[in-house]
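Some notes on the structure that comes next.
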Amino acid sequence: MGKLVFYVALALVVVSGVLFAPEHAGLAIHPMDQFTVEALFGGDHVAWYTPTNVTLWMFLAIGAIFVLLVLGSANRGIVPSRAQSVAELAYGFIYKMVEDVAGKDAVKFFPYIMTLFMFIVTANFLGLIPMSFTTTSHFAVTGVLAVLVFVAITVTGFVLHGAKFLGLFWVSSAPLALRPVLALIEVISYFVRPVSLCIRLAGNIMAGHAVLKVFAGFAGALGFASFLPIFAISAFYALEVLVAFIQAYVFTILTCVYLKDALHPSH
Amino acid sequence: MEGDLAYIGAGLAGMGTGIAALGVGNVAANFLAGALRNPSAAASQTATLFIGIAFAEALGIFSFLVALLLMFAV
Amino acid sequence: MATNTHDAGHGAADAAHGAADAAHGSSGMPQLDFSTYGNQIFWLLVTLVVIYMILSRVALPRIAAILNERQGTITNDLAAAEDLKAKAQEAENAYNKALADARAEAQRIAIETRAEIQAGVDEAIAKADVEISAKAAESEAAIAEIRASALDSVKIVASDTASALIAALGGKDDAKTIAAAVAERTEG
């Protein structure tokens, strides 16, 4: 049965590729157009308060999180429903990560880290819907997320440990002569953290979506053979689903690792 | 002329993503080798694996970004 | 450069696209269009605050409560199971004890009954012995009597025979002498 459906879908793709091939096949690849920020209700000017497609897809992310975590757990079942078990899974996953990676005393940061993870993972997945807009592919968005993490962690470190927090940069186990050099490297790597967090997430998502668009452009140019790039898109889409989750996971776990540095700088 | 040079630069920067792929493969291969030697310890180290992969991949993404900048922003 | 390449490279659509880009005042990469940064950052902060509120006020406490409740239920169930197991063990012990008691009682009753029966049998045997000895004595007496009467009869017959013999021989029977002679003979 499943096999039959698969072959029928395959045949449909091939046939529709033949039937609906554009008359004037041409290479028209605009991989970056999908990232354009535009006002929702017309108008060219995008002021800071204008509702844009960013707003729309961020609010959809809020809606998805609300449905999953609030409506999903509304029954409070001892035996969970499907949505509730997904919500519990997400909760347990992040809670365990915070506890294992950042330590027991990091649990008070758990709601914040959960917010980050849920936002990134839902925005990534929503961005995978065809014709959608991916908010996490913008450096402005991921940059703010990364800077929030950076500021929160630096402030926490100094509040908890005062000047001792600077010991993070002074590698006491290294030979004395090397320490200033190492300190310089440590300071640079500390300030590169938010940059790398920001660019890793946005870059991964942007690269994946751009590649999908490039393949889609090939499909437009190849005429009746357009099913070949469409298969490639399908395969790449599966990879993107994986990447969407892994990048959210990596962002969250790196936040936890940095948080551990702030809570226990001597380690 | 200047634009053509930028495209060449973008191509060179794009090689960086391939080199980063080598790094990611190295991380994953060493993890697998270690995991096969001591499978019981593997599950506890998957987080470390992902962190390592993320660091290695970030640099590839940097070079990808440079390529994009050269193509679209210079 | 973006507008430049678009115009040079491709057709009318690209030119239009380039024009749109120009209208937005951006380069070819929307991520680097700084005029939209304020907008994105504003809406991102709104979104994050809303999500944080939803999570910290509603979702996370609720899920934590559900998980705790489930943990509690599981712990309770385990405790109840432990309880029931202990009770079952107790019941089994009681059963075994009752069984052993019953067995001992049965043993005791069997021994008692056996002893009772033995006593009855002994009594009966003793009674029978007494009866038998009584009967034996009686028989002995009867035999002795019979023997005595037989002796008397022998004496009478002997004396009668003796007197008849004497008479036949022509003697004069002397009862006294005959009796003495008979007695002498039968005694001897």
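Starting from 1 in every chain, residues are counted up; chains themselves are A, B, ... following the order of the structure tokens, and ligands are numbered from 1 as listed.
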Counting only C-alpha atoms, a student should be able to say which residues of chain B come within 9 Å of chain A; what is the right answer, written as a short mmCIF file (atom, residue, chain, number, x, y, z; two decimals) with N, CA and C atoms, in the first residue's frame?
```
data_model
loop_
_atom_site.label_atom_id
_atom_site.label_comp_id
_atom_site.auth_asym_id
_atom_site.auth_seq_id
_atom_site.Cartn_x
_atom_site.Cartn_y
_atom_site.Cartn_z
N ALA B 47 26.31 14.98 23.66
CA ALA B 47 26.24 16.44 23.77
C ALA B 47 27.58 17.06 23.37
N PHE B 50 27.98 17.04 19.67
CA PHE B 50 27.27 18.10 18.95
C PHE B 50 27.96 19.45 19.14
N ILE B 51 28.49 19.66 20.35
CA ILE B 51 29.20 20.93 20.57
C ILE B 51 30.41 21.01 19.65
N ALA B 54 29.37 21.64 16.18
CA ALA B 54 28.90 23.01 16.02
C ALA B 54 30.08 23.97 15.88
N PHE B 55 31.12 23.76 16.70
CA PHE B 55 32.28 24.65 16.60
C PHE B 55 32.96 24.51 15.25
N GLU B 57 31.66 23.46 12.51
CA GLU B 57 30.82 23.90 11.41
C GLU B 57 30.71 25.42 11.37
N ALA B 58 30.79 26.05 12.55
CA ALA B 58 30.63 27.51 12.60
C ALA B 58 31.63 28.19 11.68
N LEU B 59 32.86 27.64 11.65
CA LEU B 59 33.88 28.28 10.82
C LEU B 59 33.56 28.11 9.35
N ILE B 61 30.57 27.98 8.21
CA ILE B 61 29.49 28.93 7.97
C ILE B 61 30.06 30.35 7.82
N PHE B 62 31.14 30.64 8.58
CA PHE B 62 31.78 31.95 8.41
C PHE B 62 32.23 32.15 6.97
N PHE B 64 31.17 30.62 4.35
CA PHE B 64 29.98 30.71 3.51
C PHE B 64 29.43 32.14 3.53
N LEU B 65 29.47 32.71 4.73
CA LEU B 65 28.97 34.08 4.88
C LEU B 65 29.84 35.05 4.07
#
```
Could you give me, as JSON lines, a per-residue list for chain B showing, wherever an atom lies at most 12 Å from an atom of chain C, the closest pair of atoms and their distance in Å to one decimal, using only C-alpha atoms and sorting by chain then residue number from low to high?
```
{"residue": "B:Met1", "atom": "CA", "partner": "C:Met1", "partner_atom": "CA", "distance": 10.7}
{"residue": "B:Glu2", "atom": "CA", "partner": "C:Met1", "partner_atom": "CA", "distance": 8.8}
{"residue": "B:Gly3", "atom": "CA", "partner": "C:Met1", "partner_atom": "CA", "distance": 6.5}
{"residue": "B:Asp4", "atom": "CA", "partner": "C:Thr5", "partner_atom": "CA", "distance": 9.5}
{"residue": "B:Leu5", "atom": "CA", "partner": "C:Met1", "partner_atom": "CA", "distance": 11.5}
{"residue": "B:Ala6", "atom": "CA", "partner": "C:Met1", "partner_atom": "CA", "distance": 9.4}
{"residue": "B:Tyr7", "atom": "CA", "partner": "C:Thr5", "partner_atom": "CA", "distance": 10.8}
{"residue": "B:Leu65", "atom": "CA", "partner": "C:Met29", "partner_atom": "CA", "distance": 10.8}
{"residue": "B:Ala67", "atom": "CA", "partner": "C:Met29", "partner_atom": "CA", "distance": 11.7}
{"residue": "B:Leu68", "atom": "CA", "partner": "C:Met29", "partner_atom": "CA", "distance": 8.0}
{"residue": "B:Leu69", "atom": "CA", "partner": "C:Met29", "partner_atom": "CA", "distance": 7.9}
{"residue": "B:Leu70", "atom": "CA", "partner": "C:Met1", "partner_atom": "CA", "distance": 9.5}
{"residue": "B:Met71", "atom": "CA", "partner": "C:Ala2", "partner_atom": "CA", "distance": 7.8}
{"residue": "B:Phe72", "atom": "CA", "partner": "C:Gly28", "partner_atom": "CA", "distance": 4.9}
{"residue": "B:Ala73", "atom": "CA", "partner": "C:Ser27", "partner_atom": "CA", "distance": 5.8}
{"residue": "B:Val74", "atom": "CA", "partner": "C:Met1", "partner_atom": "CA", "distance": 6.2}
```
Skipping near chain neighbours, those fewer than 5 positions away, what residues fall within 9 Å of Ile78 in chain A using only C-alpha atoms, listed as a PyMOL selection string?
-> chain C and resi 66-67+69-70+73
Wanna dump the chain A-chain C contacts at 8 Å for me, each residue with its shortest atom pair and the distance in Å to one decimal, counting only C-alpha atoms, ordered by chain and number, as CSV?
```
residue,atom,partner,partner_atom,distance
A:Met32,CA,C:Met29,CA,6.2
A:Asp33,CA,C:Pro30,CA,7.6
A:Phe35,CA,C:Pro30,CA,5.9
A:Thr36,CA,C:Pro30,CA,5.2
A:Val37,CA,C:Thr36,CA,7.0
A:Asp44,CA,C:His24,CA,6.8
A:His45,CA,C:His24,CA,7.5
A:Val46,CA,C:Thr36,CA,6.3
A:Ala47,CA,C:Asn39,CA,6.2
A:Trp48,CA,C:Asn39,CA,3.7
A:Tyr49,CA,C:Asn39,CA,6.0
A:Thr50,CA,C:Asn39,CA,6.8
A:Val54,CA,C:Gln40,CA,6.5
A:Thr55,CA,C:Trp43,CA,5.9
A:Met58,CA,C:Thr47,CA,6.4
A:Phe59,CA,C:Thr47,CA,6.9
A:Ile62,CA,C:Ile51,CA,6.2
A:Ile65,CA,C:Ile51,CA,7.7
A:Phe66,CA,C:Ile54,CA,7.3
A:Leu69,CA,C:Ala59,CA,5.7
A:Val70,CA,C:Ala59,CA,5.2
A:Ser73,CA,C:Ile63,CA,6.8
A:Arg76,CA,C:Ile66,CA,6.0
A:Gly77,CA,C:Ile66,CA,7.4
A:Ile78,CA,C:Arg70,CA,5.7
A:Ala87,CA,C:Ile63,CA,7.7
A:Glu88,CA,C:Ile63,CA,6.5
A:Tyr91,CA,C:Ile63,CA,7.5
A:Pro111,CA,C:Ser56,CA,5.8
A:Tyr112,CA,C:Tyr52,CA,6.7
A:Met114,CA,C:Leu55,CA,7.9
A:Thr115,CA,C:Tyr52,CA,5.6
A:Leu116,CA,C:Leu48,CA,7.9
A:Phe119,CA,C:Leu48,CA,7.6
A:Ser137,CA,C:Gln31,CA,7.8
A:His138,CA,C:Gln31,CA,5.3
A:Phe139,CA,C:Gln31,CA,6.1
A:Ala140,CA,C:Tyr37,CA,5.7
A:Val141,CA,C:Ile41,CA,6.2
A:Val144,CA,C:Ile41,CA,6.9
```
Next, the residues of the selection above should be written as a compact mmCIF listing (two decimals), in the first residue's frame with N, CA and C atoms.
```
# COMPACT_ATOMS: atom_id res chain seq x y z
N MET A 32 17.99 34.64 -2.46
CA MET A 32 17.89 35.50 -1.30
C MET A 32 16.54 36.22 -1.19
N ASP A 33 15.72 36.11 -2.24
CA ASP A 33 14.44 36.84 -2.20
C ASP A 33 13.55 36.40 -1.05
N PHE A 35 14.15 35.90 1.84
CA PHE A 35 14.45 36.48 3.15
C PHE A 35 14.03 37.94 3.25
N THR A 36 13.41 38.48 2.18
CA THR A 36 13.07 39.90 2.19
C THR A 36 12.03 40.20 3.28
N VAL A 37 12.31 41.25 4.02
CA VAL A 37 11.36 41.72 5.02
C VAL A 37 10.45 42.72 4.35
N ASP A 44 5.97 50.68 1.25
CA ASP A 44 7.36 50.32 1.07
C ASP A 44 8.19 50.56 2.31
N HIS A 45 7.76 51.52 3.09
CA HIS A 45 8.59 51.89 4.23
C HIS A 45 8.37 50.92 5.39
N VAL A 46 9.47 50.40 5.94
CA VAL A 46 9.38 49.50 7.09
C VAL A 46 9.92 50.24 8.31
N ALA A 47 9.01 50.78 9.09
CA ALA A 47 9.44 51.44 10.33
C ALA A 47 9.55 50.38 11.42
N TRP A 48 10.03 50.75 12.60
CA TRP A 48 10.29 49.74 13.63
C TRP A 48 9.01 49.10 14.13
N TYR A 49 7.87 49.82 13.99
CA TYR A 49 6.61 49.28 14.53
C TYR A 49 5.75 48.64 13.45
N THR A 50 6.16 48.72 12.16
CA THR A 50 5.31 48.22 11.09
C THR A 50 5.13 46.70 11.23
N VAL A 54 7.95 39.34 9.32
CA VAL A 54 8.64 38.91 10.54
C VAL A 54 7.63 38.78 11.68
N THR A 55 6.80 39.82 11.83
CA THR A 55 5.78 39.80 12.87
C THR A 55 4.87 38.60 12.72
N MET A 58 6.63 35.31 13.54
CA MET A 58 6.96 35.21 14.97
C MET A 58 5.70 34.95 15.78
N PHE A 59 4.60 35.60 15.38
CA PHE A 59 3.36 35.36 16.12
C PHE A 59 2.84 33.95 15.86
N ILE A 62 4.64 31.92 18.26
CA ILE A 62 4.01 32.01 19.58
C ILE A 62 2.79 31.10 19.62
N ILE A 65 3.74 27.47 19.88
CA ILE A 65 4.21 27.13 21.23
C ILE A 65 3.03 27.08 22.19
N PHE A 66 2.10 28.03 22.03
CA PHE A 66 0.93 28.05 22.90
C PHE A 66 0.12 26.77 22.73
N LEU A 69 2.35 23.68 24.15
CA LEU A 69 2.67 23.59 25.57
C LEU A 69 1.49 23.91 26.48
N VAL A 70 0.60 24.80 26.04
CA VAL A 70 -0.49 25.18 26.93
C VAL A 70 -1.75 24.36 26.64
N SER A 73 -1.19 20.59 27.16
CA SER A 73 -1.16 20.06 28.52
C SER A 73 -2.41 20.44 29.30
N ARG A 76 -4.10 17.83 31.65
CA ARG A 76 -3.33 17.40 32.83
C ARG A 76 -3.49 15.91 33.08
N GLY A 77 -3.41 15.15 32.00
CA GLY A 77 -3.65 13.71 32.13
C GLY A 77 -2.47 13.02 32.79
N ILE A 78 -2.80 12.06 33.65
CA ILE A 78 -1.74 11.22 34.21
C ILE A 78 -1.17 10.36 33.08
N ALA A 87 4.92 17.83 24.68
CA ALA A 87 5.24 18.95 25.58
C ALA A 87 6.12 18.46 26.72
N GLU A 88 5.77 17.30 27.29
CA GLU A 88 6.56 16.77 28.40
C GLU A 88 7.96 16.39 27.94
N TYR A 91 9.95 19.54 27.63
CA TYR A 91 10.27 20.01 28.98
C TYR A 91 11.40 19.18 29.57
N PRO A 111 13.46 28.61 32.68
CA PRO A 111 12.41 29.19 31.82
C PRO A 111 12.99 30.02 30.67
N TYR A 112 14.08 30.72 30.94
CA TYR A 112 14.70 31.54 29.90
C TYR A 112 15.27 30.66 28.79
N MET A 114 14.43 27.59 28.12
CA MET A 114 13.31 26.93 27.45
C MET A 114 12.68 27.88 26.42
N THR A 115 12.57 29.18 26.79
CA THR A 115 12.05 30.17 25.85
C THR A 115 12.89 30.23 24.59
N LEU A 116 14.22 30.30 24.80
CA LEU A 116 15.13 30.35 23.65
C LEU A 116 14.93 29.12 22.76
N PHE A 119 11.48 28.97 21.00
CA PHE A 119 11.36 29.95 19.92
C PHE A 119 12.18 29.52 18.71
N SER A 137 16.58 33.13 10.10
CA SER A 137 17.64 33.24 9.10
C SER A 137 18.19 34.66 9.04
N HIS A 138 17.71 35.53 9.92
CA HIS A 138 18.17 36.92 9.90
C HIS A 138 19.14 37.19 11.02
N PHE A 139 20.25 37.85 10.67
CA PHE A 139 21.26 38.15 11.67
C PHE A 139 20.71 39.07 12.75
N ALA A 140 19.76 39.90 12.39
CA ALA A 140 19.18 40.80 13.40
C ALA A 140 18.53 39.98 14.50
N VAL A 141 17.81 38.92 14.11
CA VAL A 141 17.09 38.10 15.09
C VAL A 141 18.06 37.27 15.91
N VAL A 144 20.27 39.29 18.23
CA VAL A 144 19.64 39.70 19.49
C VAL A 144 19.61 38.52 20.46
```
What separation in Å, quoted to one decimal, exists between CA of Ala248 in chain A and CA of Gln84 in chain A?
-> 20.8 Å
Step one, run DSSP on the backbone; step two, keep only residues of range 6-170 of chain A assigned to alpha helix (DSSP H); then write them as a PyMOL selection string.
-> chain A and resi 6-19+53-65+82-97+110-127+139-161
Exercise: Lys172 in chain C partners within 9 Å, only C-alpha atoms, chain neighbours under 4 positions left out, as number ranges by chain = C: 163, 166-167
Find the residues around Ala225 in chain A up to 8 Å (only C-alpha atoms counted), leave out those fewer than 4 positions away in its own chain, and share them as JSON, numbers by chain.
-> {"A": [14, 17, 18, 219]}
Using N, CA and C atoms, can you write the selected residues to a file as a compact mmCIF listing (two decimals), in the first residue's frame?
```txt
# COMPACT_ATOMS: atom_id res chain seq x y z
N VAL A 14 6.72 13.33 -11.97
CA VAL A 14 7.31 13.31 -13.31
C VAL A 14 6.34 13.88 -14.34
N GLY A 17 5.81 17.50 -14.01
CA GLY A 17 7.00 18.20 -14.52
C GLY A 17 6.94 18.34 -16.03
N VAL A 18 6.49 17.28 -16.70
CA VAL A 18 6.39 17.34 -18.16
C VAL A 18 5.29 18.31 -18.60
N ALA A 219 15.00 23.43 -11.28
CA ALA A 219 13.77 22.77 -11.70
C ALA A 219 13.07 23.63 -12.74
```
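Going from CA of Val27 in chain B over to CA of Gly52 in chain B, you cover 6.8 Å.
Here CA of Phe158 in chain A is placed at a distance of 20.3 Å from CA of Val98 in chain A.
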Leaving out Cys256 in chain A and any residue of its chain fewer than 6 positions from it, which residues lie within 10 Å of it when counting only C-alpha atoms, given as a list in words?
->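 My list of contacting residues is Ile94, Met97, Val98, Glu99, Asp100, Val101, Ala102, Gly103, Ala106, Phe109, Phe110, Ile113, Val149, Ile153, Val250 and Ala262 of chain A.
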Give me the residues within 9 Å of Ala210 in chain A as a VMD selection string, counting only C-alpha atoms and dropping any in the same chain fewer than 5 places off.
-> chain A and resid 30 to 32 34 205 215
